[in-house]
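See structure below.
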Amino acid sequence: METKTQLPIPPHFDAQKVGEVWRVPYLERAEQARDWAKKYNIKPAFEDKERTCLLLIDVQNTFCIPGFELFVGGQSGNGAVEDNKRLCEFIYRNLGSISAIAPTLDTHTAMQIFHPIFWINAAGNHPTPAATNITPEDIEQGKWKVNPAVAYSLKSDYETLQNHALHYVKQLSQNGKYPLTVWFYHSMLGGIGHALVSAVEEAVFFHCIARDSQTQFEIKGNNPLTENYSVLRPEVLEGVGGKQLAPKNTRLIEQLLAFDKVIIAGQAKSHCVAWTIDDLLTEINQIDPLLAQKIYILEDCTSPVVVPGVVDYTEQAESAFEKFAKAGMHLVKSTQF
């Protein structure tokens, strides 16, 4: 097995700016990345004998910058910012060992099943974000119903949407998923919240140039009729009558399992990270359970959803990670590589 040493952190990296939004100076960073590769003899990724992929789950402003819509504060209250400081340092230190980086981008428009505009109650009011879960009983009893006004934009008729909504929340409950949570508008396509965290984007771009390895962005979550916590599949695959809602991301599953190592980090530990890894484990168990041993989870680069006084998903996150470790996946710190 080839051995590679950890590299120093490039001088442009400023840990104090990780919690801020700013423009990456691409041309300047590209020149620095090429010089850095020469100085430290960093080879192009295609020469790697052992191929390693870094899968970054939803490292976007909407989840990672304080004051943005769904900031993941974790137990400390500043979780995602601290996670991303470690993540940037991990990328820079291991430039020569990471063959490819695949960031996922949670991607939404306003009229989606988990946003307030999709639902109304008898008084015509929309649900309160983050404080509303919608159950099959809520729909059957008329507490919440699909907002008739969204049918036009979604190119559907109202009855079809209402039938889908009931089917959808029933499927969630039968499959042991989280209930349908109405979230704040977030990860809005075309908005600042959708973008990668600036410091992480800079590190990923630096890697791309230094290693001649195209960053592989993975869009998820843009189907209006289903949630997509996991990048590998939507929460519900089939609509009413067994009609496919959205497909599994079979291409990415096959790609990931072709690498020698897959390292995973991102937000949130209790939701998109946990469900992505869980779906990957399901695929692994169908092929060869020993493949779980090639998965490494950077547990100090991910935090659970915690809304003080409202909800705390820490326990669910820890339980999921215990399951992954028992299956043979490695829970590691970013400083270990």
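Labels used: A, B, ... for chains in the order of the structure tokens, numbers from 1 for residues in each chain, and numbers from 1 for ligands as shown.
Near Lys294 in chain A, within 10 Å and counting only C-alpha atoms, sit Thr52, Leu256, Leu257, Phe259, Asp260, Lys261, Val262, Ile263, Leu290, Leu291, Ala292, Tyr296, Gly328, Met329 and His330 of chain A; same-chain residues fewer than 2 positions away were not included.
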For those residues, write N, CA and C atoms to a file as a JSON list (two decimals), in the first residue's frame.
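As written to disk, selection.json reads:
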[["chain", "number", "residue", "atom", "x", "y", "z"],
["A", 52, "THR", "N", -9.19, 7.20, -3.27],
["A", 52, "THR", "CA", -10.01, 7.62, -2.14],
["A", 52, "THR", "C", -10.95, 8.73, -2.55],
["A", 256, "LEU", "N", -19.13, 5.10, -5.85],
["A", 256, "LEU", "CA", -18.56, 5.11, -4.50],
["A", 256, "LEU", "C", -17.94, 3.76, -4.14],
["A", 257, "LEU", "N", -18.66, 2.70, -4.46],
["A", 257, "LEU", "CA", -18.19, 1.36, -4.07],
["A", 257, "LEU", "C", -17.02, 0.88, -4.93],
["A", 259, "PHE", "N", -14.38, 2.83, -5.33],
["A", 259, "PHE", "CA", -13.19, 3.41, -4.69],
["A", 259, "PHE", "C", -12.62, 2.44, -3.65],
["A", 260, "ASP", "N", -11.33, 2.62, -3.33],
["A", 260, "ASP", "CA", -10.71, 1.81, -2.28],
["A", 260, "ASP", "C", -11.15, 2.29, -0.90],
["A", 261, "LYS", "N", -11.35, 3.60, -0.77],
["A", 261, "LYS", "CA", -11.83, 4.18, 0.48],
["A", 261, "LYS", "C", -12.83, 5.28, 0.15],
["A", 262, "VAL", "N", -13.86, 5.38, 0.99],
["A", 262, "VAL", "CA", -14.81, 6.49, 0.89],
["A", 262, "VAL", "C", -14.85, 7.16, 2.26],
["A", 263, "ILE", "N", -14.54, 8.45, 2.28],
["A", 263, "ILE", "CA", -14.56, 9.22, 3.52],
["A", 263, "ILE", "C", -15.79, 10.13, 3.47],
["A", 290, "LEU", "N", -18.68, -7.01, 3.62],
["A", 290, "LEU", "CA", -17.29, -6.63, 3.90],
["A", 290, "LEU", "C", -16.91, -5.29, 3.28],
["A", 291, "LEU", "N", -17.69, -4.84, 2.29],
["A", 291, "LEU", "CA", -17.42, -3.55, 1.67],
["A", 291, "LEU", "C", -17.59, -2.39, 2.66],
["A", 292, "ALA", "N", -18.30, -2.65, 3.75],
["A", 292, "ALA", "CA", -18.48, -1.61, 4.77],
["A", 292, "ALA", "C", -17.13, -1.14, 5.33],
["A", 296, "TYR", "N", -15.15, 5.35, 5.79],
["A", 296, "TYR", "CA", -14.60, 6.08, 6.93],
["A", 296, "TYR", "C", -15.46, 7.33, 7.17],
["A", 328, "GLY", "N", -19.08, -2.45, 10.47],
["A", 328, "GLY", "CA", -17.70, -2.53, 9.95],
["A", 328, "GLY", "C", -17.16, -1.21, 9.42],
["A", 329, "MET", "N", -17.99, -0.16, 9.42],
["A", 329, "MET", "CA", -17.50, 1.15, 9.00],
["A", 329, "MET", "C", -16.62, 1.74, 10.09],
["A", 330, "HIS", "N", -15.73, 2.66, 9.71],
["A", 330, "HIS", "CA", -14.76, 3.21, 10.66],
["A", 330, "HIS", "C", -15.20, 4.62, 11.08]]
Non-local contacts of Glu82 in chain A (9 Å; only C-alpha atoms; under 5 positions in same chain excluded) as a PyMOL selection string:
chain A and resi 18-19+87+300-301
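Between CA of Asp138 in chain A and CA of Thr276 in chain A the interatomic distance comes to 28.2 Å.
Those residues of range 101-172 of chain A that DSSP, working from the backbone, places in strand (DSSP E or B) are Ile101, Ala102, Pro103, Thr104, Leu105, Asp106, His108, Trp119, Ile120, Thr132, Asn133, Ile134, Lys145 and Val146 of chain A.
Note that the spacing between CA of Ala102 in chain A and CA of Arg251 in chain A amounts to 12.9 Å.
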8 Å contact set for range 110-119 of chain A, only C-alpha atoms, chain neighbours under 4 positions out, as a JSON list (two decimals) with N, CA and C atoms, in the first residue's frame:
[["chain", "number", "residue", "atom", "x", "y", "z"],
["A", 126, "HIS", "N", -50.62, 28.60, 6.90],
["A", 126, "HIS", "CA", -49.55, 27.64, 6.62],
["A", 126, "HIS", "C", -48.95, 27.15, 7.94],
["A", 127, "PRO", "N", -48.36, 25.94, 7.95],
["A", 127, "PRO", "CA", -47.75, 25.43, 9.19],
["A", 127, "PRO", "C", -46.52, 26.22, 9.60],
["A", 128, "THR", "N", -46.23, 26.16, 10.90],
["A", 128, "THR", "CA", -45.04, 26.82, 11.44],
["A", 128, "THR", "C", -43.81, 25.95, 11.17],
["A", 129, "PRO", "N", -42.81, 26.47, 10.46],
["A", 129, "PRO", "CA", -41.64, 25.66, 10.13],
["A", 129, "PRO", "C", -40.90, 25.17, 11.36],
["A", 144, "TRP", "N", -54.38, 19.23, 8.45],
["A", 144, "TRP", "CA", -53.58, 19.81, 7.37],
["A", 144, "TRP", "C", -54.01, 19.21, 6.04],
["A", 145, "LYS", "N", -54.04, 20.04, 5.02],
["A", 145, "LYS", "CA", -54.31, 19.56, 3.66],
["A", 145, "LYS", "C", -53.40, 20.30, 2.69],
["A", 146, "VAL", "N", -53.26, 19.73, 1.50],
["A", 146, "VAL", "CA", -52.44, 20.38, 0.49],
["A", 146, "VAL", "C", -53.08, 21.72, 0.11],
["A", 147, "ASN", "N", -52.26, 22.73, -0.04],
["A", 147, "ASN", "CA", -52.73, 24.04, -0.47],
["A", 147, "ASN", "C", -53.19, 23.95, -1.94],
["A", 150, "VAL", "N", -51.16, 25.45, -5.03],
["A", 150, "VAL", "CA", -49.87, 24.99, -5.57],
["A", 150, "VAL", "C", -50.06, 24.02, -6.74],
["A", 154, "LEU", "N", -47.40, 23.11, -9.90],
["A", 154, "LEU", "CA", -46.83, 21.77, -9.92],
["A", 154, "LEU", "C", -47.40, 20.91, -11.04],
["A", 180, "LEU", "N", -42.98, 13.55, 8.34],
["A", 180, "LEU", "CA", -42.80, 14.69, 7.45],
["A", 180, "LEU", "C", -42.68, 15.97, 8.28],
["A", 181, "THR", "N", -41.51, 16.57, 8.27],
["A", 181, "THR", "CA", -41.28, 17.83, 8.99],
["A", 181, "THR", "C", -41.41, 18.98, 8.01],
["A", 182, "VAL", "N", -42.15, 20.00, 8.39],
["A", 182, "VAL", "CA", -42.20, 21.22, 7.59],
["A", 182, "VAL", "C", -41.03, 22.09, 8.01],
["A", 183, "TRP", "N", -40.10, 22.33, 7.07],
["A", 183, "TRP", "CA", -38.88, 23.09, 7.37],
["A", 183, "TRP", "C", -39.02, 24.53, 6.89],
["A", 184, "PHE", "N", -38.15, 25.39, 7.41],
["A", 184, "PHE", "CA", -38.02, 26.73, 6.84],
["A", 184, "PHE", "C", -37.61, 26.59, 5.38],
["A", 185, "TYR", "N", -37.97, 27.57, 4.57],
["A", 185, "TYR", "CA", -37.48, 27.58, 3.18],
["A", 185, "TYR", "C", -35.95, 27.57, 3.25],
["A", 188, "MET", "N", -32.41, 27.14, -1.24],
["A", 188, "MET", "CA", -33.20, 27.60, -2.38],
["A", 188, "MET", "C", -32.32, 27.79, -3.62],
["A", 223, "ASN", "N", -36.99, 17.24, -6.28],
["A", 223, "ASN", "CA", -38.32, 16.71, -6.62],
["A", 223, "ASN", "C", -39.34, 17.30, -5.64],
["A", 224, "PRO", "N", -40.38, 17.99, -6.14],
["A", 224, "PRO", "CA", -41.30, 18.69, -5.23],
["A", 224, "PRO", "C", -42.16, 17.77, -4.37],
["A", 225, "LEU", "N", -42.25, 16.49, -4.73],
["A", 225, "LEU", "CA", -43.21, 15.61, -4.05],
["A", 225, "LEU", "C", -42.57, 14.62, -3.09],
["A", 226, "THR", "N", -41.27, 14.74, -2.85],
["A", 226, "THR", "CA", -40.61, 13.85, -1.89],
["A", 226, "THR", "C", -39.45, 14.57, -1.22],
["A", 227, "GLU", "N", -39.10, 14.12, -0.03],
["A", 227, "GLU", "CA", -37.88, 14.60, 0.64],
["A", 227, "GLU", "C", -36.70, 13.79, 0.11]]
